[in-house]
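Down below is the structure, laid out as structure tokens.
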Amino acid sequence: MKKFKGDGISNDKAKLVGSFIYENYPDGEITPSELLKKATPKDSPIHDLFEWDASKAANEYRLWQARNFIRSIYIE
């Protein structure tokens, strides 16, 4: 039995997504685009883990960009 732990996500989400990937791609070879495509159908077990409201998703992406900027800048 494989165990999946989250880093930046809950262990429950890590278990769900990790199991999904392992069952569908046992070699672990999957791209983000492929995972998103597999999550798109509403009956996908990982569908609800994604934000499907385009406005909310765009804002979350901009927040991710802002966090990345903050983490990437050093003041000397």
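So you can find residues: chains in the structure tokens are A, B, ... in the order shown, residues in each start at 1, and ligands are numbered from 1 in order.
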(request) From range 7-73 of chain A, collect each residue whose DSSP state is alpha helix (DSSP H) and return the set as a PyMOL selection string. (result) chain A and resi 11-24+32-39+54-72
(request) Would you kindly return, as a ChimeraX atom specification, each protein, DNA or RNA residue with an atom no farther than 9 Å from any atom of range 17-26 of chain A, considering only C-alpha atoms and excluding same-chain residues fewer than 2 positions away? (result) /A:2-5,12-15,28-30,35,45-46,49
Write out, as a short mmCIF file (atom, residue, chain, number, x, y, z; two decimals), in the first residue's frame, the residues just selected, with C-alpha atoms.
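Result file is out.cif:
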data_model
loop_
_atom_site.label_atom_id
_atom_site.label_comp_id
_atom_site.auth_asym_id
_atom_site.auth_seq_id
_atom_site.Cartn_x
_atom_site.Cartn_y
_atom_site.Cartn_z
CA LYS A 2 1.40 3.38 -1.02
CA LYS A 3 1.29 6.31 1.38
CA PHE A 4 0.95 9.87 0.18
CA LYS A 5 1.76 12.95 2.27
CA ASP A 12 -6.11 14.00 2.60
CA LYS A 13 -5.74 15.84 -0.71
CA ALA A 14 -2.29 14.30 -1.21
CA LYS A 15 -3.79 10.85 -0.68
CA GLY A 28 4.45 8.68 -12.24
CA GLU A 29 4.83 10.22 -15.68
CA ILE A 30 2.09 12.86 -15.90
CA LEU A 35 -3.78 16.00 -14.70
CA PRO A 45 -12.60 11.93 -8.28
CA ILE A 46 -10.27 14.95 -8.24
CA LEU A 49 -10.03 19.89 -5.81
#
(request) Would you please work out which residue, of A:Pro32, A:Ile75, A:Asp48, A:Asp43, is nearest to Leu16 in chain A when using only C-alpha atoms? (result) A:Asp48
